[in-house]
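Pasted below: structure.txt, compact mmCIF, C-alpha atoms.
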# COMPACT_ATOMS: atom_id res chain seq x y z
CA MET L 1 92.98 47.83 146.89
CA LYS L 2 94.71 47.72 143.50
CA LEU L 3 98.27 46.39 143.56
CA VAL L 4 100.65 48.97 142.11
CA LYS L 5 102.79 47.70 139.22
CA TYR L 6 106.29 49.10 138.81
CA HIS L 7 108.43 48.97 135.69
CA LEU L 8 112.16 49.67 136.10
CA ILE L 9 114.38 50.98 133.31
CA LEU L 10 117.97 50.34 134.34
CA ASN L 11 120.93 51.92 132.55
CA PRO L 12 124.06 49.79 133.10
CA ARG L 13 126.26 52.46 131.46
CA SER L 14 125.30 55.16 133.96
CA ARG L 15 128.14 56.55 136.11
CA GLY L 16 130.70 55.19 133.69
CA GLY L 17 129.32 51.66 134.07
CA LYS L 18 129.46 51.65 137.88
CA SER L 19 125.65 51.72 138.24
CA ALA L 20 125.34 48.09 137.16
CA GLY L 21 127.08 47.00 140.35
CA LYS L 22 124.15 48.36 142.39
CA PHE L 23 121.33 46.61 140.53
CA ASP L 24 121.24 43.39 142.59
CA TYR L 25 121.15 45.45 145.78
CA ILE L 26 118.25 47.51 144.38
CA PHE L 27 116.35 44.36 143.44
CA GLY L 28 116.84 43.14 147.01
CA LEU L 29 115.43 46.38 148.42
CA LEU L 30 112.40 46.16 146.14
CA LYS L 31 111.76 42.58 147.24
CA GLU L 32 112.05 43.58 150.92
CA ALA L 33 109.55 46.38 150.29
CA GLY L 34 107.11 43.88 148.77
CA LEU L 35 106.82 45.71 145.45
CA GLU L 36 105.64 43.98 142.28
CA TYR L 37 107.89 44.96 139.41
CA ASP L 38 109.42 44.00 136.11
CA TYR L 39 112.46 45.55 134.49
CA VAL L 40 114.45 46.15 131.33
CA PHE L 41 118.06 47.15 130.69
CA ALA L 42 118.61 50.06 128.28
CA ASP L 43 121.88 51.87 127.67
CA SER L 44 121.22 54.67 125.15
CA TYR L 45 118.86 57.62 124.85
CA GLU L 46 116.75 55.99 122.15
CA LYS L 47 116.55 52.59 123.87
CA ILE L 48 115.56 54.20 127.18
CA ARG L 49 112.98 56.46 125.54
CA GLU L 50 111.47 53.52 123.64
CA ALA L 51 111.34 51.40 126.79
CA SER L 52 109.61 54.24 128.63
CA ALA L 53 107.08 54.81 125.83
CA LYS L 54 106.28 51.09 125.75
CA ALA L 55 105.84 50.98 129.52
CA ASN L 56 103.62 54.08 129.45
CA ALA L 57 101.40 52.42 126.84
CA GLY L 58 101.20 49.24 128.94
CA ASP L 59 99.46 48.33 132.19
CA CYS L 60 102.13 49.39 134.69
CA ASP L 61 101.43 52.28 137.04
CA VAL L 62 104.91 53.61 137.83
CA ILE L 63 107.92 53.79 135.50
CA VAL L 64 111.16 53.99 137.49
CA ALA L 65 114.35 55.42 135.95
CA VAL L 66 117.44 53.79 137.47
CA GLY L 67 120.51 55.78 136.45
CA GLY L 68 121.65 59.40 136.20
CA ASP L 69 120.16 62.61 134.81
CA GLY L 70 120.53 61.35 131.23
CA THR L 71 118.53 58.22 132.09
CA ILE L 72 115.87 60.35 133.77
CA ASN L 73 115.64 62.65 130.74
CA ALA L 74 115.26 59.79 128.26
CA THR L 75 112.62 58.16 130.48
CA ILE L 76 110.68 61.43 130.70
CA ASN L 77 110.71 61.69 126.90
CA GLY L 78 108.79 58.41 126.81
CA PHE L 79 105.98 60.05 128.79
CA TYR L 80 105.23 62.60 126.04
CA ASN L 81 104.35 62.75 122.37
CA GLU L 82 105.05 65.42 119.75
CA ASN L 83 102.30 67.81 120.88
CA GLY L 84 103.26 67.86 124.56
CA SER L 85 100.53 65.62 125.90
CA GLY L 86 101.09 62.01 126.87
CA TYR L 87 100.13 59.67 129.68
CA PRO L 88 98.89 61.87 132.54
CA GLN L 89 97.83 58.86 134.63
CA LYS L 90 101.33 57.36 134.70
CA ILE L 91 103.89 58.18 137.40
CA LEU L 92 107.67 58.61 137.25
CA GLY L 93 109.90 57.24 140.00
CA VAL L 94 113.67 57.65 140.29
CA ILE L 95 116.37 55.50 141.86
CA TYR L 96 119.49 57.57 141.35
CA THR L 97 122.79 55.85 140.50
CA GLY L 98 124.41 58.62 138.45
CA THR L 99 127.10 61.24 138.97
CA SER L 100 125.54 64.71 139.21
CA PRO L 101 122.10 64.60 140.89
CA ASP L 102 120.68 67.97 139.80
CA PHE L 103 117.21 66.55 139.13
CA CYS L 104 117.02 64.80 142.51
CA LYS L 105 118.29 67.82 144.46
CA SER L 106 115.84 70.10 142.68
CA TYR L 107 112.75 67.98 143.26
CA GLY L 108 113.38 66.33 146.62
CA ILE L 109 114.22 62.76 145.61
CA PRO L 110 116.36 60.74 148.06
CA LEU L 111 119.84 59.81 146.87
CA ASP L 112 120.16 57.01 149.41
CA LEU L 113 118.96 53.82 147.73
CA THR L 114 116.98 52.53 150.72
CA ARG L 115 115.17 55.85 151.12
CA ALA L 116 114.57 56.07 147.35
CA VAL L 117 112.85 52.67 147.34
CA GLU L 118 110.82 53.66 150.41
CA ALA L 119 109.67 56.86 148.65
CA ILE L 120 108.62 54.81 145.62
CA ARG L 121 106.66 52.47 147.88
CA MET L 122 104.87 55.37 149.60
CA LEU L 123 103.86 57.01 146.28
CA ASN L 124 104.00 60.63 147.39
CA VAL L 125 103.36 62.41 144.07
CA ARG L 126 104.23 65.95 142.99
CA ASN L 127 103.04 67.42 139.67
CA ILE L 128 105.95 69.16 137.94
CA ARG L 129 106.20 71.13 134.70
CA ILE L 130 108.39 69.78 131.93
CA GLY L 131 110.07 71.86 129.22
CA LYS L 132 109.18 71.10 125.60
CA ILE L 133 111.93 71.94 123.11
CA ARG L 134 111.79 71.86 119.33
CA LEU L 135 115.31 71.73 117.88
CA VAL L 136 117.52 70.49 115.09
CA THR L 137 118.86 67.05 116.05
CA CYS L 138 120.74 66.46 112.80
CA VAL L 139 122.08 69.11 110.42
CA GLU L 140 122.68 66.92 107.38
CA PRO L 141 120.32 65.43 106.50
CA LEU L 142 118.16 67.97 108.32
CA ARG L 143 116.09 66.48 111.11
CA VAL L 144 113.95 68.52 113.51
CA GLU L 145 112.45 66.88 116.59
CA THR L 146 110.44 67.69 119.69
CA ARG L 147 112.04 66.63 122.95
CA TYR L 148 111.52 67.29 126.65
CA PHE L 149 113.71 68.37 129.56
CA SER L 150 113.19 68.64 133.29
CA CYS L 151 115.97 70.87 134.62
CA CYS L 152 117.75 73.18 132.22
CA ALA L 153 118.53 73.65 128.54
CA SER L 154 121.77 75.29 127.50
CA ILE L 155 122.51 77.10 124.23
CA GLY L 156 126.13 77.96 123.46
CA ILE L 157 129.20 76.59 125.19
CA GLY L 158 127.08 74.34 127.44
CA ALA L 159 127.00 71.39 125.03
CA THR L 160 130.80 71.34 124.76
CA VAL L 161 131.13 71.58 128.55
CA ALA L 162 128.57 68.80 129.08
CA GLY L 163 130.29 66.45 126.66
CA LYS L 164 133.70 66.99 128.23
CA ALA L 165 132.36 66.85 131.80
CA ASN L 166 130.71 63.50 131.14
CA ARG L 167 134.13 62.14 130.18
CA TYR L 168 136.19 63.86 132.87
CA ARG L 169 133.88 62.94 135.79
CA LYS L 170 134.71 59.27 135.38
CA PHE L 171 138.25 60.00 136.52
CA VAL L 172 138.16 63.06 138.80
CA GLY L 173 134.58 63.34 140.09
CA ASP L 174 131.76 65.78 139.45
CA THR L 175 133.07 69.15 140.69
CA ILE L 176 136.65 68.92 139.41
CA GLY L 177 135.49 67.31 136.17
CA THR L 178 133.01 70.11 135.57
CA LEU L 179 135.55 72.85 136.34
CA ALA L 180 138.09 71.27 133.99
CA ALA L 181 135.45 71.02 131.27
CA ILE L 182 134.45 74.68 131.67
CA ILE L 183 138.02 75.98 131.53
CA SER L 184 139.14 73.84 128.59
CA SER L 185 135.98 74.69 126.64
CA LEU L 186 136.18 78.44 127.31
CA VAL L 187 139.76 78.67 126.04
CA LYS L 188 138.68 77.60 122.55
CA PHE L 189 135.14 79.03 122.46
CA HIS L 190 134.24 82.03 120.33
CA PRO L 191 131.20 84.03 121.53
CA VAL L 192 128.19 84.01 119.20
CA GLU L 193 125.49 86.49 118.28
CA LEU L 194 122.01 85.12 118.97
CA VAL L 195 118.54 86.37 118.17
CA VAL L 196 116.40 85.72 121.21
CA LYS L 197 112.61 86.10 121.33
CA LEU L 198 111.09 86.13 124.82
CA ASP L 199 107.30 85.93 124.52
CA SER L 200 106.62 88.77 122.02
CA ILE L 201 109.89 90.69 122.43
CA GLU L 202 112.77 89.90 120.09
CA LYS L 203 116.31 91.19 120.49
CA THR L 204 119.79 90.48 119.20
CA VAL L 205 122.34 89.58 121.86
CA PRO L 206 126.03 89.87 120.85
CA LEU L 207 128.95 88.01 122.38
CA VAL L 208 126.92 85.23 123.99
CA THR L 209 128.86 82.51 125.77
CA ASN L 210 125.78 80.60 126.92
CA ILE L 211 122.08 80.95 127.56
CA PHE L 212 120.52 78.78 130.29
CA VAL L 213 116.77 78.15 130.07
CA GLY L 214 115.47 76.34 133.10
CA ARG L 215 112.87 75.70 135.78
CA THR L 216 114.85 74.14 138.60
CA LYS L 217 117.13 75.62 141.23
CA TYR L 218 120.05 73.47 140.07
CA ILE L 219 121.35 74.24 136.59
CA ALA L 220 124.07 71.60 136.26
CA SER L 221 126.76 69.99 138.44
CA GLY L 222 125.98 72.11 141.50
CA LEU L 223 125.61 75.41 139.61
CA LYS L 224 122.38 77.02 140.74
CA VAL L 225 120.04 79.99 140.81
CA ASN L 226 118.21 81.29 143.87
CA GLU L 227 114.91 81.53 142.03
CA GLU L 228 112.57 78.53 142.10
CA ILE L 229 109.57 78.42 139.79
CA ALA L 230 106.29 77.09 141.16
CA ASP L 231 105.01 73.83 139.67
CA ASP L 232 101.92 75.53 138.23
CA ASP L 233 103.94 78.37 136.62
CA LYS L 234 104.61 77.86 132.90
CA ARG L 235 107.52 80.32 132.78
CA PHE L 236 111.22 79.56 132.50
CA TYR L 237 114.11 81.57 133.84
CA ILE L 238 116.57 82.75 131.20
CA LEU L 239 120.13 83.27 132.37
CA CYS L 240 122.33 84.81 129.68
CA VAL L 241 126.11 84.70 130.05
CA ASN L 242 127.87 87.14 127.74
CA LYS L 243 131.28 88.78 127.42
CA LEU L 244 132.82 85.99 129.49
CA ASN L 245 136.57 85.41 129.51
CA ILE L 246 139.04 83.49 131.66
CA ARG L 247 139.68 86.54 133.85
CA ARG L 248 136.00 86.84 134.72
CA LEU L 249 135.44 83.09 135.16
CA PRO L 250 136.30 82.79 138.90
CA GLY L 251 133.80 85.51 139.81
CA LEU L 252 131.12 83.93 137.64
CA LEU L 253 131.63 80.48 139.15
CA LYS L 254 131.47 81.94 142.67
CA GLN L 255 128.11 83.48 141.82
CA LEU L 256 126.74 80.36 140.11
CA TYR L 257 127.77 78.01 142.90
CA SER L 258 126.23 80.35 145.50
CA GLY L 259 123.16 81.17 143.40
CA ASN L 260 123.74 84.91 143.87
CA MET L 261 123.25 86.73 140.55
CA VAL L 262 123.43 90.31 141.87
CA ASN L 263 125.72 92.87 140.20
CA SER L 264 127.35 90.49 137.75
CA PRO L 265 129.14 92.00 134.73
CA VAL L 266 128.41 88.91 132.60
CA LEU L 267 124.93 87.73 133.69
CA GLU L 268 121.45 88.86 132.61
CA PHE L 269 118.41 87.28 134.25
CA SER L 270 114.81 87.27 132.99
CA TYR L 271 111.66 85.14 132.68
CA SER L 272 109.59 84.00 129.72
CA GLU L 273 106.78 81.54 129.02
CA ASN L 274 107.62 81.06 125.34
CA LEU L 275 110.99 81.62 123.74
CA SER L 276 112.93 80.98 120.57
CA ILE L 277 116.64 81.23 119.89
CA ARG L 278 118.41 81.34 116.54
CA SER L 279 121.72 82.42 115.08
CA ALA L 280 122.46 84.22 111.82
CA GLN L 281 125.96 82.72 111.93
CA GLY L 282 124.99 79.07 111.46
CA THR L 283 123.96 76.51 114.03
CA VAL L 284 124.81 76.73 117.73
CA GLU L 285 124.89 73.65 119.93
CA VAL L 286 122.12 72.85 122.43
CA GLU L 287 122.22 70.56 125.44
CA PHE L 288 119.73 69.81 128.18
CA ASP L 289 119.69 67.79 131.40
CA GLY L 290 123.43 67.20 131.08
CA ASP L 291 123.82 65.83 127.55
CA PRO L 292 124.39 67.40 124.10
CA ALA L 293 121.12 67.11 122.16
CA GLY L 294 121.21 69.17 118.94
CA PHE L 295 121.39 72.63 117.47
CA THR L 296 119.60 75.92 116.98
CA PRO L 297 117.16 77.19 115.89
CA CYS L 298 115.10 76.03 118.84
CA THR L 299 111.81 76.94 120.51
CA ILE L 300 110.92 76.25 124.13
CA THR L 301 107.55 76.12 125.91
CA ALA L 302 106.09 74.10 128.75
CA ALA L 303 104.64 70.68 127.96
CA THR L 304 100.86 70.62 127.87
CA ALA L 305 100.51 68.08 130.67
CA PRO L 306 102.45 68.11 133.96
CA LEU L 307 104.45 65.07 135.00
CA LYS L 308 103.53 63.04 138.08
CA LEU L 309 106.77 62.52 140.01
CA ILE L 310 107.39 60.54 143.19
CA VAL L 311 109.27 62.64 145.75
CA ASN L 312 110.46 62.21 149.32
CA PRO L 313 107.35 62.34 151.53
CA HIS L 314 109.41 63.86 154.35
CA ASP L 315 110.59 66.82 152.24
CA HIS L 316 107.44 67.72 150.30
Could you quickly redo this structure as structure tokens?
Amino acid sequence: MKLVKYHLILNPRSRGGKSAGKFDYIFGLLKEAGLEYDYVFADSYEKIREASAKANAGDCDVIVAVGGDGTINATINGFYNENGSGYPQKILGVIYTGTSPDFCKSYGIPLDLTRAVEAIRMLNVRNIRIGKIRLVTCVEPLRVETRYFSCCASIGIGATVAGKANRYRKFVGDTIGTLAAIISSLVKFHPVELVVKLDSIEKTVPLVTNIFVGRTKYIASGLKVNEEIADDDKRFYILCVNKLNIRRLPGLLKQLYSGNMVNSPVLEFSYSENLSIRSAQGTVEVEFDGDPAGFTPCTITAATAPLKLIVNPHDH
């Protein structure tokens, strides 16, 4: 029987630098489990993505992201190339040491470190669909790139909220940090008019606060939708938030934390397999999987190849 080779990508900056304190314990768990592995430390999107791409091109079988949702996203980007294909024989594992585990909660990955290592040892694999997004990553000089996301992309106020939440969580935790980021961002945000094309239907949407484009139940920091999209379904859900103000915010948050979208004055829900979003008023910020990533115009489709992901064998 072939011995499985694991390659760990560890982000010491995850969780405000607190993740690094868990690495020796994780190495001990891996040794106890009898797993053969090597590892690399990487602390930025580009370093993590490059480490993942190098590992995918090598002879390891499983690439393990050790960190938070940003680490997972960068590692996933190393699995794919510009056209959406990549390394279909390689497998992604996750040992979560971050702050807001939306990816893990959505896909059934244990948060407990011992159980996470056990899941990686057992190699219970689920094929999931990954979002492919083409967006502006630098306005001047203009740079357009193809990137990938696993949970949700956000166009509008989401990038500002994500940036602030990443800072606030270090001091007050995930939920309070997220709420503070939402409120402080909304006070200064001016709604935008976006041109949205869902499959073949294009329409102009005025007074947009944010558009969520996702596949997973969890949007960000505990916010969620009730709809789950099957792994073999190439569609995304599109959740448009418009005409939002401070007065309507408590009701919106109640709905988003419960996942109940019924009868909302500010939410519109739909599905699409291919979509594009642009603004006639200049660029609008884009974030996905919890981190600001670029600007509109952007196009979103499913990656050509699914991703092989290790999940909890007891949950899936």
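Atom pair atom CA of L:Ser270 / atom CA of L:Thr299 has a distance of 16.5 Å (rounded to one decimal).
Between L:Ile277 and the candidates L:Leu194, L:Cys151, L:Val311, L:Val94, the tightest atom-to-atom separation, counting only C-alpha atoms, involves L:Leu194.
Every protein or nucleic acid residue with an atom no more than 12 Å from L:Glu50, counting all atoms listed in the file and leaving out same-chain residues fewer than 6 positions away, appears here: Ile9, Val40, Phe41, Ala42, Asp43, Ser44, Asn56, Ala57, Thr71, Ala74, Thr75, Ile76, Asn77, Gly78, Phe79, Tyr80 and Asn81 of chain L.
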**Message:** Neighbouring residues of L:Asp174 were defined as those with any atom within 12 Å, considering all atoms listed in the file; residues of the same chain fewer than 5 positions away were excluded. Please report them as a PyMOL selection string.
**Reply:** chain L and resi 15+98-102+162+164-169+179-181+220-223+290
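If you count all atoms listed in the file and draw a sphere of 6 Å around (106.4, 60.9, 147.1), the protein and nucleic acid residues inside it come out as Ala119, Leu123, Asn124, Val125, Ile310, Val311, Asn312 and Pro313 of chain L.
Shortest atom-to-atom contact with L:Gly93 among L:Asn274, L:Ser184, L:Ser52, L:Thr283: L:Ser52, counting all atoms listed in the file.
Comparing L:Leu8, L:Ile157, L:Leu239, L:Ala280 by their smallest distance to L:Ile95, the closest is L:Leu8 (using all atoms listed in the file).
Across the structure, atom CA of L:Ser264 and atom CA of L:Cys240 are spaced 11.1 Å apart.
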